[in-house]
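Structure file coords27.txt (compact mmCIF, C-alpha atoms and all ligand atoms) follows.
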```txt
# COMPACT_ATOMS: atom_id res chain seq x y z
CA MET A 1 59.57 120.30 87.67
CA PRO A 2 59.07 119.77 91.44
CA SER A 3 61.61 121.68 93.45
CA ALA A 4 63.06 118.44 94.85
CA LEU A 5 64.23 117.61 91.34
CA SER A 6 65.78 120.98 90.67
CA PRO A 7 69.56 121.07 90.84
CA SER A 8 69.48 124.50 92.41
CA ALA A 9 67.44 123.10 95.30
CA PHE A 10 70.16 120.59 96.00
CA THR A 11 72.59 121.65 98.65
CA ALA A 12 75.70 119.52 98.38
CA ARG A 13 76.07 118.81 102.08
CA ALA A 14 79.66 117.71 102.64
CA PRO A 15 79.15 114.07 103.58
CA ASP A 16 81.14 112.57 106.34
CA LEU A 17 84.00 111.04 104.41
CA ALA A 18 85.63 110.12 107.72
CA ALA A 19 84.52 106.53 107.16
CA TYR A 20 86.67 106.47 104.02
CA ARG A 21 89.84 107.64 105.74
CA LEU A 22 92.44 105.06 106.58
CA ALA A 23 93.08 105.07 110.30
CA ALA A 24 96.46 103.37 110.20
CA GLU A 25 99.16 102.93 107.60
CA PRO A 26 98.35 99.95 105.39
CA TYR A 27 101.49 97.81 105.12
CA TYR A 28 102.85 97.99 101.59
CA ARG A 29 106.25 96.71 100.51
CA PRO A 30 107.35 98.69 97.44
CA VAL A 31 108.66 96.56 94.59
CA GLY A 32 109.92 99.29 92.25
CA ASP A 33 109.32 102.97 91.63
CA GLU A 34 105.52 102.70 91.87
CA ILE A 35 105.24 105.09 94.83
CA ALA A 36 107.27 107.79 93.07
CA VAL A 37 105.27 107.38 89.84
CA PHE A 38 101.97 107.55 91.70
CA GLU A 39 103.05 110.63 93.65
CA ALA A 40 104.12 112.37 90.43
CA ALA A 41 100.74 111.51 88.86
CA TRP A 42 98.98 112.79 91.99
CA ARG A 43 100.78 116.14 91.83
CA HIS A 44 99.14 116.66 88.44
CA ARG A 45 95.96 114.80 89.44
CA LEU A 46 96.48 112.48 86.47
CA PRO A 47 94.29 109.39 86.46
CA VAL A 48 96.18 106.17 87.19
CA MET A 49 95.64 102.62 85.95
CA LEU A 50 97.10 99.76 88.03
CA LYS A 51 97.70 96.91 85.60
CA GLY A 52 98.37 93.38 86.70
CA PRO A 53 97.04 89.97 87.73
CA THR A 54 94.63 89.48 90.61
CA GLY A 55 96.00 89.26 94.14
CA CYS A 56 99.37 90.92 93.45
CA GLY A 57 99.02 94.03 95.62
CA LYS A 58 97.12 96.63 93.55
CA THR A 59 94.40 97.27 96.13
CA ARG A 60 96.89 97.33 99.00
CA PHE A 61 98.99 99.81 97.04
CA VAL A 62 96.12 102.23 96.46
CA GLU A 63 95.14 101.98 100.14
CA HIS A 64 98.72 102.77 101.08
CA MET A 65 98.84 105.73 98.69
CA ALA A 66 95.55 107.14 100.02
CA TRP A 67 97.01 106.97 103.51
CA ARG A 68 100.30 108.54 102.37
CA LEU A 69 98.51 111.38 100.63
CA GLY A 70 96.06 111.85 103.50
CA ARG A 71 93.01 111.42 101.27
CA PRO A 72 89.85 109.39 101.84
CA LEU A 73 89.55 106.37 99.55
CA ILE A 74 86.25 105.35 97.98
CA THR A 75 86.47 101.92 96.35
CA VAL A 76 83.95 100.53 93.87
CA ALA A 77 84.14 96.93 92.66
CA ALA A 78 82.99 97.07 89.05
CA HIS A 79 80.65 94.37 87.73
CA GLU A 80 78.79 93.73 84.51
CA ASP A 81 75.40 94.91 85.82
CA MET A 82 76.86 98.17 87.06
CA THR A 83 75.19 101.18 85.46
CA ALA A 84 76.35 104.76 85.16
CA ALA A 85 73.76 105.59 87.86
CA ASP A 86 75.47 103.17 90.27
CA LEU A 87 78.57 105.33 89.95
CA ALA A 88 77.06 108.77 89.51
CA GLY A 89 73.89 108.66 91.59
CA ARG A 90 70.13 108.58 91.27
CA PHE A 91 66.89 110.07 92.47
CA LEU A 92 65.33 108.14 95.32
CA LEU A 93 61.74 108.14 96.49
CA THR A 94 61.66 108.80 100.22
CA PRO A 95 58.81 109.66 102.62
CA GLU A 96 60.01 113.28 102.34
CA GLY A 97 59.78 113.26 98.56
CA THR A 98 62.18 112.65 95.70
CA VAL A 99 65.77 113.25 96.70
CA TRP A 100 68.98 112.97 94.80
CA GLN A 101 71.64 110.67 96.19
CA ASP A 102 75.21 111.02 94.96
CA GLY A 103 76.80 107.75 93.87
CA PRO A 104 80.30 106.84 95.11
CA LEU A 105 82.07 108.43 92.14
CA THR A 106 80.17 111.71 92.55
CA GLN A 107 80.94 111.76 96.28
CA ALA A 108 84.62 111.38 95.54
CA VAL A 109 84.49 114.04 92.79
CA ARG A 110 82.65 116.60 94.93
CA HIS A 111 84.58 116.12 98.13
CA GLY A 112 88.10 115.30 97.00
CA ALA A 113 88.61 111.61 97.64
CA LEU A 114 90.62 109.07 95.70
CA CYS A 115 88.14 106.91 93.79
CA TYR A 116 89.34 103.39 93.04
CA LEU A 117 87.34 101.52 90.39
CA ASP A 118 88.45 97.95 90.86
CA GLU A 119 88.36 95.64 87.80
CA ILE A 120 86.91 98.36 85.61
CA VAL A 121 86.87 96.01 82.61
CA GLU A 122 83.95 94.14 84.19
CA ALA A 123 81.73 97.18 83.64
CA ARG A 124 79.93 97.70 80.35
CA GLN A 125 81.49 100.23 78.01
CA ASP A 126 78.47 102.55 78.22
CA THR A 127 79.11 102.73 81.97
CA THR A 128 82.84 103.28 81.57
CA VAL A 129 82.44 106.33 79.34
CA VAL A 130 81.00 108.27 82.28
CA ILE A 131 84.58 108.71 83.49
CA HIS A 132 85.88 110.24 80.25
CA PRO A 133 85.23 113.93 80.98
CA LEU A 134 86.79 113.38 84.42
CA THR A 135 90.01 112.04 82.99
CA ASP A 136 90.98 114.94 80.77
CA ALA A 137 91.61 118.61 81.37
CA ARG A 138 87.89 119.22 81.92
CA ARG A 139 87.76 117.24 85.19
CA LEU A 140 83.99 117.26 85.03
CA LEU A 141 81.34 114.73 85.90
CA PRO A 142 78.11 115.33 83.98
CA LEU A 143 74.99 114.33 85.92
CA GLU A 144 72.50 114.31 83.09
CA LYS A 145 69.52 113.43 85.27
CA ARG A 146 70.17 116.50 87.43
CA ASN A 147 71.22 118.63 84.50
CA GLU A 148 74.39 119.38 86.44
CA GLN A 149 78.10 119.32 85.65
CA VAL A 150 80.11 118.61 88.77
CA ALA A 151 83.57 120.19 88.66
CA ALA A 152 86.04 117.89 90.39
CA HIS A 153 87.40 118.98 93.76
CA ALA A 154 91.09 119.89 93.57
CA ASP A 155 92.03 116.73 95.49
CA PHE A 156 89.95 114.27 93.48
CA GLN A 157 91.93 111.54 91.73
CA LEU A 158 90.71 108.55 89.78
CA VAL A 159 92.45 105.18 89.99
CA ILE A 160 91.38 102.05 88.14
CA SER A 161 92.67 98.51 88.17
CA TYR A 162 92.86 96.38 85.10
CA ASN A 163 93.91 92.77 84.67
CA PRO A 164 95.22 92.30 81.13
CA GLY A 165 95.20 88.52 81.65
CA TYR A 166 91.40 88.43 81.38
CA GLN A 167 91.45 90.47 78.22
CA SER A 168 89.09 89.27 75.51
CA ALA A 169 87.50 90.84 72.48
CA VAL A 170 84.20 91.34 74.31
CA LYS A 171 85.72 92.44 77.58
CA ASP A 172 88.40 95.00 77.13
CA LEU A 173 88.79 98.66 77.82
CA LYS A 174 88.28 100.91 74.83
CA GLU A 175 91.53 102.38 73.52
CA SER A 176 90.03 105.82 74.09
CA THR A 177 89.60 104.94 77.78
CA LYS A 178 93.03 103.31 78.28
CA GLN A 179 94.93 106.19 76.77
CA ARG A 180 93.67 108.61 79.39
CA PHE A 181 95.59 106.93 82.20
CA ILE A 182 99.13 106.79 83.55
CA ALA A 183 99.70 103.03 83.81
CA ILE A 184 101.70 101.33 86.55
CA ALA A 185 102.54 97.67 85.93
CA PHE A 186 102.14 95.21 88.79
CA ASP A 187 103.20 91.61 88.93
CA TYR A 188 103.92 89.10 91.65
CA PRO A 189 106.93 90.35 93.61
CA ALA A 190 110.37 88.75 93.25
CA PRO A 191 110.72 85.61 95.45
CA GLU A 192 112.60 87.21 98.38
CA LEU A 193 110.16 90.11 98.49
CA GLU A 194 107.13 87.88 98.18
CA ALA A 195 108.43 85.70 101.03
CA GLU A 196 108.88 88.84 103.15
CA ILE A 197 105.27 89.85 102.43
CA VAL A 198 103.95 86.35 103.21
CA MET A 199 105.85 86.31 106.51
CA ARG A 200 104.49 89.66 107.51
CA GLU A 201 100.89 89.15 106.35
CA ALA A 202 100.42 85.48 107.27
CA GLY A 203 102.57 85.28 110.38
CA ALA A 204 104.55 82.56 108.64
CA ASP A 205 108.17 81.84 109.50
CA ALA A 206 110.90 82.20 106.88
CA ALA A 207 110.96 78.46 106.03
CA LEU A 208 107.19 78.26 105.47
CA ALA A 209 107.16 81.48 103.44
CA SER A 210 109.91 80.29 101.12
CA ILE A 211 108.15 76.95 100.53
CA LEU A 212 104.94 78.77 99.65
CA VAL A 213 106.77 81.07 97.25
CA ALA A 214 108.40 78.04 95.58
CA ILE A 215 104.92 76.51 95.18
CA ALA A 216 103.68 79.74 93.63
CA THR A 217 106.53 79.74 91.13
CA CYS A 218 105.62 76.17 90.06
CA SER A 219 101.95 77.07 89.64
CA ARG A 220 102.83 80.21 87.67
CA ASN A 221 104.85 78.09 85.26
CA LEU A 222 101.56 76.33 84.36
CA ARG A 223 100.03 79.58 83.14
CA GLY A 224 98.76 79.13 79.64
CA GLN A 225 98.87 75.33 79.97
CA GLY A 226 95.37 75.00 81.41
CA LEU A 227 95.69 77.57 84.17
CA ASP A 228 94.67 81.17 83.46
CA GLU A 229 96.80 82.40 86.33
CA GLY A 230 99.13 80.87 88.88
CA ALA A 231 98.81 81.19 92.64
CA SER A 232 98.59 84.85 93.66
CA THR A 233 100.34 86.48 96.59
CA ARG A 234 96.90 86.58 98.24
CA MET A 235 96.59 82.79 97.94
CA LEU A 236 100.02 82.29 99.47
CA ILE A 237 99.02 84.45 102.41
CA HIS A 238 95.85 82.41 102.89
CA ALA A 239 97.82 79.15 102.77
CA GLY A 240 100.39 80.65 105.15
CA ARG A 241 97.70 81.62 107.64
CA LEU A 242 96.21 78.11 107.60
CA ALA A 243 99.61 76.45 107.96
CA ALA A 244 100.82 78.89 110.63
CA GLY A 245 97.56 78.13 112.44
CA GLY A 246 98.31 74.42 112.64
CA VAL A 247 96.83 72.97 109.42
CA SER A 248 99.29 70.64 107.66
CA LEU A 249 101.16 72.25 104.77
CA ALA A 250 99.61 69.81 102.25
CA ALA A 251 96.07 70.52 103.46
CA ALA A 252 96.71 74.28 103.57
CA VAL A 253 98.04 74.31 100.00
CA GLN A 254 95.13 72.19 98.81
CA ALA A 255 92.52 74.42 100.48
CA ALA A 256 94.03 77.82 99.74
CA ILE A 257 95.64 77.26 96.33
CA VAL A 258 94.79 74.06 94.43
CA LEU A 259 91.01 73.93 95.01
CA PRO A 260 90.27 77.63 94.42
CA ILE A 261 92.47 77.96 91.35
CA THR A 262 90.82 75.38 89.09
CA ASP A 263 87.62 73.35 88.87
CA ASP A 264 89.15 70.92 86.42
CA ALA A 265 90.03 67.61 88.11
CA GLU A 266 92.78 66.83 85.59
CA MET A 267 94.35 70.24 86.07
CA ARG A 268 94.20 69.80 89.85
CA ARG A 269 96.12 66.55 89.56
CA ALA A 270 98.71 68.20 87.30
CA LEU A 271 99.06 71.13 89.67
CA GLY A 272 99.31 68.82 92.69
CA ALA A 273 102.06 66.85 90.95
CA ALA A 274 103.92 70.02 89.93
CA ILE A 275 103.76 71.31 93.49
CA ALA A 276 104.95 67.98 94.95
CA ALA A 277 107.88 68.03 92.52
CA CYS A 278 108.79 71.54 93.66
CA LEU A 279 109.06 70.68 97.33
P1 LIG A 301 94.87 92.93 93.94
O1 LIG A 301 94.20 94.21 94.29
O2 LIG A 301 96.03 93.08 93.01
O3 LIG A 301 93.92 91.85 93.51
P2 LIG A 301 95.60 92.89 96.77
O4 LIG A 301 96.16 94.25 96.88
O5 LIG A 301 94.28 92.63 97.42
O6 LIG A 301 95.56 92.36 95.28
O7 LIG A 301 96.72 91.89 97.33
C1 LIG A 301 96.40 90.70 98.01
C2 LIG A 301 97.15 90.65 99.30
O8 LIG A 301 98.54 90.45 99.03
C3 LIG A 301 97.06 91.94 100.10
O9 LIG A 301 95.95 91.93 100.98
C4 LIG A 301 98.37 91.94 100.86
O10 LIG A 301 98.22 91.12 102.03
C5 LIG A 301 99.33 91.18 99.95
N1 LIG A 301 100.28 91.97 99.18
C6 LIG A 301 100.54 91.82 97.85
N2 LIG A 301 101.55 92.62 97.48
C7 LIG A 301 101.93 93.31 98.57
C8 LIG A 301 102.95 94.30 98.83
N3 LIG A 301 103.75 94.73 97.84
N4 LIG A 301 103.07 94.76 100.08
C9 LIG A 301 102.26 94.32 101.07
N5 LIG A 301 101.29 93.40 100.89
C10 LIG A 301 101.13 92.89 99.67
```

How does the structure come out when it is put into structure tokens?
Amino acid sequence: MPSALSPSAFTARAPDLAAYRLAAEPYYRPVGDEIAVFEAAWRHRLPVMLKGPTGCGKTRFVEHMAWRLGRPLITVAAHEDMTAADLAGRFLLTPEGTVWQDGPLTQAVRHGALCYLDEIVEARQDTTVVIHPLTDARRLLPLEKRNEQVAAHADFQLVISYNPGYQSAVKDLKESTKQRFIAIAFDYPAPELEAEIVMREAGADAALASILVAIATCSRNLRGQGLDEGASTRMLIHAGRLAAGGVSLAAAVQAAIVLPITDDAEMRRALGAAIAACL
């Protein structure tokens, strides 16, 4: 075996994780006891699953927690073509020879970052199992290609997000994966809180924010009647930014909520009518 492929030849140079540190506090408005639960999980380095619909604050929350705990945050958006090597690492051919490059998960494991696997359910199950030995008492990441077992740094923590709304027989987390995590449930915040967030994030005034939240409530009532999900907090913020920037409310709602949420012309008409009735 050439020395470049030998694990012993590999010196785990501490990479500059400075790029993964949050410079300023990410604004996060708590909606329940999620900060206390996360901090308790962190004290025991238990893996955490953030469960909830898209655009309801999961990513912002994990950014906020990384800042609070003073840890770098390495985020990976899972997708169906993602392989275990995309997470763990691979050998690369370079002009200097064959060198091993840690993947984002391995970097986090070696150097003590929070690793956030966003929408983990998108990944194939043979990719997901790579996290199993990391999520129990072993706290190990096996790198088969390097014949190495990486023991997790004391400050490593794994966080995944999971949207149960998209659950289907083919795309779901294995029970054996789910049961390894502390789960924190997320949903769209209560109306007054959501309006506060929209004001802060979109620069909307109180009147505009409360109209947008009323629109969201109407759209969420159509869930299961042709819409998979209603308007998310993210969509309200987008609409708020357009409207606060001078676009008419109707055009902002159309562009930021109605058009992105469904491709079905009939559903768009129904949603448009429901929104008009709400206002
Ligand atoms: P998710 O990860 O659940 O898809 P995000 O965390 O990206 O959603 O949330 C979308 C946006 O909504 C964020 O960028 C942020 O502006 C806003 N947001 C949602 N919930 C909150 C909250 N509780 N506090 C502050 N901002 C929030």

**OP:** Collect all residues with atoms no farther than 7 Å from ligand LIG 301 (chain A), counting all atoms listed in the file, and output them as a PyMOL selection string.
**Re:** chain A and resi 27-31+52-61+189+197+201+233-234+237

Subject >> Expected residue set, 12 Å radius at (79.2, 98.2, 75.4), all atoms listed in the file, as an NGL selection string >> reply: :A and (80-83 or 121-129 or 169-174)

**OP:** Figure out the distance between CA of Val198 in chain A and CA of Arg241 in chain A, please, to one decimal in Å.
**Re:**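 About the pair CA of Arg241 in chain A and CA of Val198 in chain A: they are 9.0 Å apart.
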
**OP:** Go through A:Glu96, A:Asp102, A:Glu34, A:Glu25 and flag the residue nearest Gly70 in chain A, using only C-alpha atoms for the distances.
**Re:** A:Glu25

Around all the atoms of range 99-107 of chain A listed in the file, draw an axis-aligned box and extend it by 4 Å on each of the six sides; I want its centre and edge lengths in Å to one decimal, as lines of an AutoDock Vina configuration file.
```
center_x = 73.9
center_y = 110.0
center_z = 94.4
size_x = 24.3
size_y = 14.4
size_z = 12.6
```

Original post:
Looking at only C-alpha atoms, which of A:Ala207, A:Ile182, A:Leu227, A:Ala216 is the one that sits closest to His44 in chain A?
Top reply: A:Ile182

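The space separating CA of Ala190 in chain A from CA of Ser210 in chain A comes to 11.6 Å.
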
Subject >> Residues near Lys51 in chain A, cut-off 12 Å, all atoms listed in the file, skip fewer than 6 positions along chain, as a list in words >> reply: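 My list of contacting residues is Glu34, Gly57, Lys58, Thr59, Phe61, Asp118, Glu119, Ile120, Val121, Val159, Ile160, Ser161, Tyr162, Asn163, Pro164, Gly165, Tyr166, Gln167, Leu173, Lys178, Phe181, Ile182, Ala183, Ile184, Ala185, Phe186, Asp187 and Tyr188 of chain A.
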
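For the set A:Leu271, A:Ile211, A:Ile261, A:Ala19, the residue with the smallest atom-to-atom gap to Thr75 in chain A is A:Ala19, counting only C-alpha atoms.
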
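Closest approach to Pro72 in chain A from the set A:Gln149, A:Thr135, A:Gln157, A:Gln101 is made by A:Gln157, with distances taken over all atoms listed in the file.
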
Nearby residues (only C-alpha atoms) at most 12 Å from Gly103 in chain A, same-chain spacing under 2 positions excluded, as a tab-separated table (two decimals) with C-alpha atoms, in the coordinates of the input:
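In the end it all went to part_26.tsv:
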```tsv
chain	number	residue	atom	x	y	z
A	15	PRO	CA	79.15	114.07	103.58
A	74	ILE	CA	86.25	105.35	97.98
A	75	THR	CA	86.47	101.92	96.35
A	76	VAL	CA	83.95	100.53	93.87
A	82	MET	CA	76.86	98.17	87.06
A	83	THR	CA	75.19	101.18	85.46
A	84	ALA	CA	76.35	104.76	85.16
A	85	ALA	CA	73.76	105.59	87.86
A	86	ASP	CA	75.47	103.17	90.27
A	87	LEU	CA	78.57	105.33	89.95
A	88	ALA	CA	77.06	108.77	89.51
A	89	GLY	CA	73.89	108.66	91.59
A	90	ARG	CA	70.13	108.58	91.27
A	91	PHE	CA	66.89	110.07	92.47
A	92	LEU	CA	65.33	108.14	95.32
A	100	TRP	CA	68.98	112.97	94.80
A	101	GLN	CA	71.64	110.67	96.19
A	105	LEU	CA	82.07	108.43	92.14
A	106	THR	CA	80.17	111.71	92.55
A	107	GLN	CA	80.94	111.76	96.28
A	108	ALA	CA	84.62	111.38	95.54
A	109	VAL	CA	84.49	114.04	92.79
A	110	ARG	CA	82.65	116.60	94.93
A	115	CYS	CA	88.14	106.91	93.79
A	141	LEU	CA	81.34	114.73	85.90
A	143	LEU	CA	74.99	114.33	85.92
```

Subject >> Nearest candidate to Glu229 in chain A (options A:Ile257, A:Ala204, A:Ile131, A:Val62; using all atoms listed in the file) >> reply: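 Closest to Glu229 in chain A of all the choices is A:Ile257.
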
Subject >> Neighbour residues at most 9 Å from (107.4, 69.0, 99.9) (all atoms listed in the file) as JSON, numbers by chain >> reply: {"A": [211, 249, 250, 275, 276, 277, 278, 279]}

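Interatomic distance, CA of Arg146 in chain A to CA of Ala78 in chain A: 23.3 Å.
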